[in-house]
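Input: a single structure, listed below in structure tokens.
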Amino acid sequence: MNSAVGKGLFADAELPPPRIASTLKMPPKKALDRFHVGQVGDDTIETFLQNGFSLAICCRECKRLTEWTPPDLARRFGAKLKLRVADLCERLVCAGDEGCGAHDIAIFPHLYDDPTWRWAPPTET
């Protein structure tokens, strides 16, 4: 089998850093059943980045669990640091190949598993 990597096709491509194995687990059923978006409070994307939190996203219909790590959050929302996580939750849908299409989503912070990761806030010019 021939590999195109290193032979021109992807030689200059910037590869993402390897993913750290996550300790994220599905929350207990009681916690999921009791979740409401008001529990998130006024936390913003910036708050999550400052504290090194991932955003755990759980579909309450099909129990799909997804983690947006701090690097994911910085990439997706770097220009929208003041976005309230509660406002984001209201727009989330269980989508994609494995998704069920439900809008009943629970979110919670999860301490990111890469202890070397640090957020560098944008500098004001």
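Here's how to read the names in the structure tokens: chain A, B, ... by the order shown, residue numbers from 1 in each chain, ligand numbers from 1 in the order shown.
All residues in segment 15-66 of chain A with a DSSP state of strand (DSSP E or B), computed from the backbone, read Thr44, Phe53, Ser54, Leu55, Ala56, Ile57, Cys58, Cys59, Leu65 and Thr66 of chain A.
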| query | Which residues come within 9 Å of Cys94 of chain A, counting only C-alpha atoms, excluding same-chain residues fewer than 2 positions away, as an NGL selection string? | reply | :A and (58-59 or 61-62 or 64 or 92 or 96 or 98-105)
Print the selection's residues with C-alpha atoms to a file, as a PDB file, in the first residue's frame.
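In the end it all went to part.pdb:
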```
ATOM      1  CA  CYS A  58     -24.974  15.060  25.929  1.00  0.00           C
ATOM      2  CA  CYS A  59     -28.107  14.201  23.974  1.00  0.00           C
ATOM      3  CA  GLU A  61     -32.685  11.244  23.792  1.00  0.00           C
ATOM      4  CA  CYS A  62     -30.028   8.865  22.438  1.00  0.00           C
ATOM      5  CA  ARG A  64     -24.713  10.437  22.663  1.00  0.00           C
ATOM      6  CA  LEU A  92     -27.306  22.599  19.822  1.00  0.00           C
ATOM      7  CA  GLY A  96     -24.239  14.102  12.195  1.00  0.00           C
ATOM      8  CA  GLU A  98     -24.523   9.184  14.697  1.00  0.00           C
ATOM      9  CA  GLY A  99     -27.042  11.850  15.726  1.00  0.00           C
ATOM     10  CA  CYS A 100     -30.753  11.360  16.321  1.00  0.00           C
ATOM     11  CA  GLY A 101     -31.834  14.936  15.470  1.00  0.00           C
ATOM     12  CA  ALA A 102     -33.031  15.745  18.999  1.00  0.00           C
ATOM     13  CA  HIS A 103     -32.844  19.254  20.445  1.00  0.00           C
ATOM     14  CA  ASP A 104     -32.951  18.030  24.069  1.00  0.00           C
ATOM     15  CA  ILE A 105     -29.283  18.595  24.930  1.00  0.00           C
TER      16      ILE A 105
END
```
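We find atom CA of Arg76 of chain A and atom CA of Phe48 of chain A to be spaced 13.0 Å apart.
Proximity to Ser22 of chain A was assessed for A:Val93, A:Leu73, A:Ala106, A:Leu111 counting only C-alpha atoms; the smallest distance is recorded for A:Leu111.
Atom pair atom CA of Lys25 of chain A / atom CA of Pro121 of chain A has a distance of 28.7 Å (rounded to one decimal).
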| field | Distance in Å - atom CA of Thr123 of chain A versus atom CA of Asp43 of chain A | value | 21.0 Å
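Residues in contact with Arg34 of chain A at up to 12 Å, not including ones fewer than 4 positions away on its chain and judged by only C-alpha atoms, are Pro27, Pro28, Lys29, Lys30, Gly38, Gln39, Arg60, Ile105, Ala106 and Ile107 of chain A.
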| Skipping near chain neighbours, those fewer than 4 positions away, what residues fall within 10 Å of Lys80 of chain A using only C-alpha atoms, listed as a ChimeraX atom specification? | /A:44-46,73-74,76,84
Saved selection, atoms kept: N, CA and C atoms, as an mmCIF file, in the first residue's frame:
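Okay, this is what ended up in result.cif:
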```cif
data_model
loop_
_atom_site.group_PDB
_atom_site.id
_atom_site.type_symbol
_atom_site.label_atom_id
_atom_site.label_comp_id
_atom_site.auth_asym_id
_atom_site.auth_seq_id
_atom_site.Cartn_x
_atom_site.Cartn_y
_atom_site.Cartn_z
ATOM 1 N N THR A 44 -19.170 31.846 30.049
ATOM 2 C CA THR A 44 -18.961 32.129 28.629
ATOM 3 C C THR A 44 -17.886 31.195 28.074
ATOM 4 N N ILE A 45 -17.696 31.257 26.781
ATOM 5 C CA ILE A 45 -16.605 30.509 26.154
ATOM 6 C C ILE A 45 -15.280 30.917 26.807
ATOM 7 N N GLU A 46 -15.128 32.196 27.060
ATOM 8 C CA GLU A 46 -13.903 32.693 27.698
ATOM 9 C C GLU A 46 -13.707 32.066 29.080
ATOM 10 N N LEU A 73 -12.908 24.626 21.376
ATOM 11 C CA LEU A 73 -13.674 25.839 21.681
ATOM 12 C C LEU A 73 -12.965 27.081 21.154
ATOM 13 N N ALA A 74 -11.649 27.144 21.332
ATOM 14 C CA ALA A 74 -10.875 28.291 20.854
ATOM 15 C C ALA A 74 -10.962 28.396 19.331
ATOM 16 N N ARG A 76 -13.399 27.106 17.337
ATOM 17 C CA ARG A 76 -14.775 27.360 16.906
ATOM 18 C C ARG A 76 -15.276 28.752 17.287
ATOM 19 N N ARG A 84 -22.358 33.342 25.765
ATOM 20 C CA ARG A 84 -22.780 32.566 26.934
ATOM 21 C C ARG A 84 -22.989 31.115 26.517
#
```
